[in-house]
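Peer 1: Below: one structure in structure tokens.
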Amino acid sequence: MSAIARTDNVISLEDLRPSSDRRSQRSIERRHEPRYVCQERLFVQVVACPEQPDLVGRTESGYAMEMSAMGIHFCCERLLPVGTLVDLWIDIASRPGKFFLSGEVRWNGSVEGSMHSAGVELEDSPATDVDAWRTLLR
């Protein structure tokens with residue numbers, strides 16, 4: 001118990017919580033919009049990638065795993081570096097047409113086998129469907 005901070009015999013509950021729980025709690029607190037689990041088909045095109053400039057112009061197919069008014073968590077075969085700017089075309093099966101969106105990769109990781117995941121924060125771009133997207137998901 002020596003690692004627990006004490007002040008006048010009071011133990012902070014925050015100090016008792018494992019660090020992984022504190023991290024997940026912070027990330028949950030950043031989310032202001034409801035998230036929806038899904039499996040919708042999408043295409044992602046790299047617009048800018050300072051870390052790997054040879055990726056610019058490449059288009060990957062994948063699927064969305066979660067979506068919200070502010071972002072999309074998706075999987076594809078290529079690992080997209082954090083900071084990569086992308087254009088997304090997502091097809092919601094229950095709606096006609098596709099949504100065209102733009103955003104920045106905020107995090108990435110590996111899923112299973114050769115698949116990778118990425119979290120994209122959507123940008124307020126004038127030539128996109130971001131307003132219709134947010135109306136749908138709010």
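Letters A, B, ... go to the chains of the structure tokens in the order shown; residues in each chain start at 1; ligands are counted from 1 in the same order.
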If you run DSSP on this backbone, which residues of region 19-100 of chain A come out as helix (DSSP H, G or I), and could you give them as a VMD selection string?
Peer 2: chain A and resid 19 to 30 53 to 55
Peer 1: Write out as a VMD selection string which residues come within 8 Å of Cys38 (chain A) when counting only C-alpha atoms, dropping same-chain ones fewer than 6 positions away.
Peer 2: chain A and resid 64 to 67
Peer 1: Which one is closest to Gly113 (chain A): A:Asp87, A:Ile92, A:Pro126, A:Arg78? Count only C-alpha atoms.
Peer 2: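 That would be A:Arg78, the residue with the smallest distance to Gly113 (chain A).
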Peer 1: Neighbouring residues of Asp91 (chain A) were defined as those with any atom within 7 Å, considering only C-alpha atoms; residues of the same chain fewer than 3 positions away were excluded. Please report them as a list in words.
Peer 2: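 So, after excluding close chain neighbours, the residues are Glu40, Arg41, Leu42, Gly97, Lys98 and Phe99 of chain A.
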Peer 1: Could the residues in this selection be written to a file with N, CA and C atoms, as a tab-separated table (two decimals), in the first residue's frame?
Peer 2:
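Result saved to result_6.tsv:
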```tsv
chain	number	residue	atom	x	y	z
A	40	GLU	N	-20.42	-1.24	-41.77
A	40	GLU	CA	-20.77	-0.60	-43.04
A	40	GLU	C	-19.53	-0.52	-43.93
A	41	ARG	N	-19.72	-0.77	-45.20
A	41	ARG	CA	-18.62	-0.73	-46.17
A	41	ARG	C	-18.16	0.71	-46.38
A	42	LEU	N	-16.85	0.89	-46.54
A	42	LEU	CA	-16.32	2.22	-46.83
A	42	LEU	C	-15.07	2.13	-47.68
A	97	GLY	N	-27.38	5.93	-51.48
A	97	GLY	CA	-26.22	6.78	-51.71
A	97	GLY	C	-25.12	6.58	-50.69
A	98	LYS	N	-24.03	7.32	-50.88
A	98	LYS	CA	-22.88	7.26	-49.99
A	98	LYS	C	-22.66	8.63	-49.35
A	99	PHE	N	-22.01	8.62	-48.20
A	99	PHE	CA	-21.59	9.87	-47.55
A	99	PHE	C	-20.13	10.10	-47.90
```
Peer 1: Kindly indicate which residue among A:Gly57, A:Leu88, A:Ala118, A:Leu80 lies nearest to Phe43 (chain A), using only C-alpha atoms for the distances.
Peer 2: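 Smallest separation from Phe43 (chain A) among the options: A:Leu88.
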Peer 1: I'd like the interatomic distance between CA of Pro50 (chain A) and CA of Gly83 (chain A), to a tenth of an Å.
Peer 2: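 So the two atoms, CA of Pro50 (chain A) and CA of Gly83 (chain A), lie 7.6 Å apart.
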Peer 1: Set the distance at 6 Å and use only C-alpha atoms: which residues neighbour Glu77 (chain A) once local chain neighbours fewer than 5 positions away are removed? I'd like the list as a list in words.
Peer 2: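 Listed by chain and then number, they are Ser114, Met115 and His116 of chain A.
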Peer 1: Any chance you could export the current selection's C-alpha atoms as a CSV table (one decimal), in the first residue's frame?
Peer 2:
```csv
chain,number,residue,atom,x,y,z
A,114,SER,CA,-3.6,-8.5,-41.7
A,115,MET,CA,-6.3,-6.0,-40.7
A,116,HIS,CA,-5.6,-2.7,-39.1
```
Peer 1: Would you list the contacts of Val105 (chain A) as a PDB file with N, CA and C atoms, in the first residue's frame, taking every protein, DNA or RNA residue within 7 Å and counting only C-alpha atoms, but skipping same-chain residues closer than 4 positions in sequence?
Peer 2:
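And here's part-v4.pdb as it stands now:
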```pdb
ATOM      1  N   VAL A  82      -0.927   7.958 -37.664  1.00  0.00           N
ATOM      2  CA  VAL A  82      -1.597   9.063 -36.983  1.00  0.00           C
ATOM      3  C   VAL A  82      -1.190  10.363 -37.669  1.00  0.00           C
ATOM      4  N   GLY A  83      -2.156  11.245 -37.878  1.00  0.00           N
ATOM      5  CA  GLY A  83      -1.899  12.508 -38.557  1.00  0.00           C
ATOM      6  C   GLY A  83      -2.210  12.476 -40.047  1.00  0.00           C
ATOM      7  N   THR A  84      -2.523  11.303 -40.580  1.00  0.00           N
ATOM      8  CA  THR A  84      -2.860  11.175 -41.991  1.00  0.00           C
ATOM      9  C   THR A  84      -4.221  11.818 -42.264  1.00  0.00           C
ATOM     10  N   LEU A  85      -4.298  12.626 -43.314  1.00  0.00           N
ATOM     11  CA  LEU A  85      -5.576  13.214 -43.732  1.00  0.00           C
ATOM     12  C   LEU A  85      -6.195  12.302 -44.774  1.00  0.00           C
ATOM     13  N   ALA A 118      -8.325   2.160 -37.469  1.00  0.00           N
ATOM     14  CA  ALA A 118      -7.988   3.571 -37.323  1.00  0.00           C
ATOM     15  C   ALA A 118      -9.208   4.319 -36.822  1.00  0.00           C
ATOM     16  N   GLY A 119      -8.954   5.349 -36.055  1.00  0.00           N
ATOM     17  CA  GLY A 119     -10.004   6.246 -35.610  1.00  0.00           C
ATOM     18  C   GLY A 119      -9.809   7.581 -36.301  1.00  0.00           C
ATOM     19  N   VAL A 120     -10.831   8.030 -37.014  1.00  0.00           N
ATOM     20  CA  VAL A 120     -10.754   9.290 -37.752  1.00  0.00           C
ATOM     21  C   VAL A 120     -11.696  10.301 -37.132  1.00  0.00           C
ATOM     22  N   GLU A 121     -11.157  11.467 -36.824  1.00  0.00           N
ATOM     23  CA  GLU A 121     -11.985  12.586 -36.376  1.00  0.00           C
ATOM     24  C   GLU A 121     -12.403  13.359 -37.620  1.00  0.00           C
TER      25      GLU A 121
END
```
Peer 1: With distances taken over only C-alpha atoms, which of A:Cys75, A:Val37, A:Val130, A:Leu55 is nearest to Ser117 (chain A)?
Peer 2: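 Result for the nearest residue to Ser117 (chain A): A:Cys75.
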Peer 1: Which one of A:Ala93, A:Cys49, A:Val56, A:Leu122 sits closest to His73 (chain A) if you count only C-alpha atoms?
Peer 2: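 For His73 (chain A), the nearest of the given residues is A:Leu122.
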Peer 1: Kindly indicate which residue among A:Trp133, A:Asp124, A:Val111, A:Arg35 lies nearest to Ser68 (chain A), using only C-alpha atoms for the distances.
Peer 2: A:Arg35
Peer 1: Please indicate the distance in Å from CA of Asp54 (chain A) to CA of Asn108 (chain A), rounded to one decimal place.
Peer 2: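 Separation of CA of Asp54 (chain A) and CA of Asn108 (chain A): 18.3 Å.
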Peer 1: Using CA of His32 (chain A) and CA of Glu60 (chain A) as the two end points, give the distance in Å to one decimal.
Peer 2: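 It comes out at 28.6 Å.
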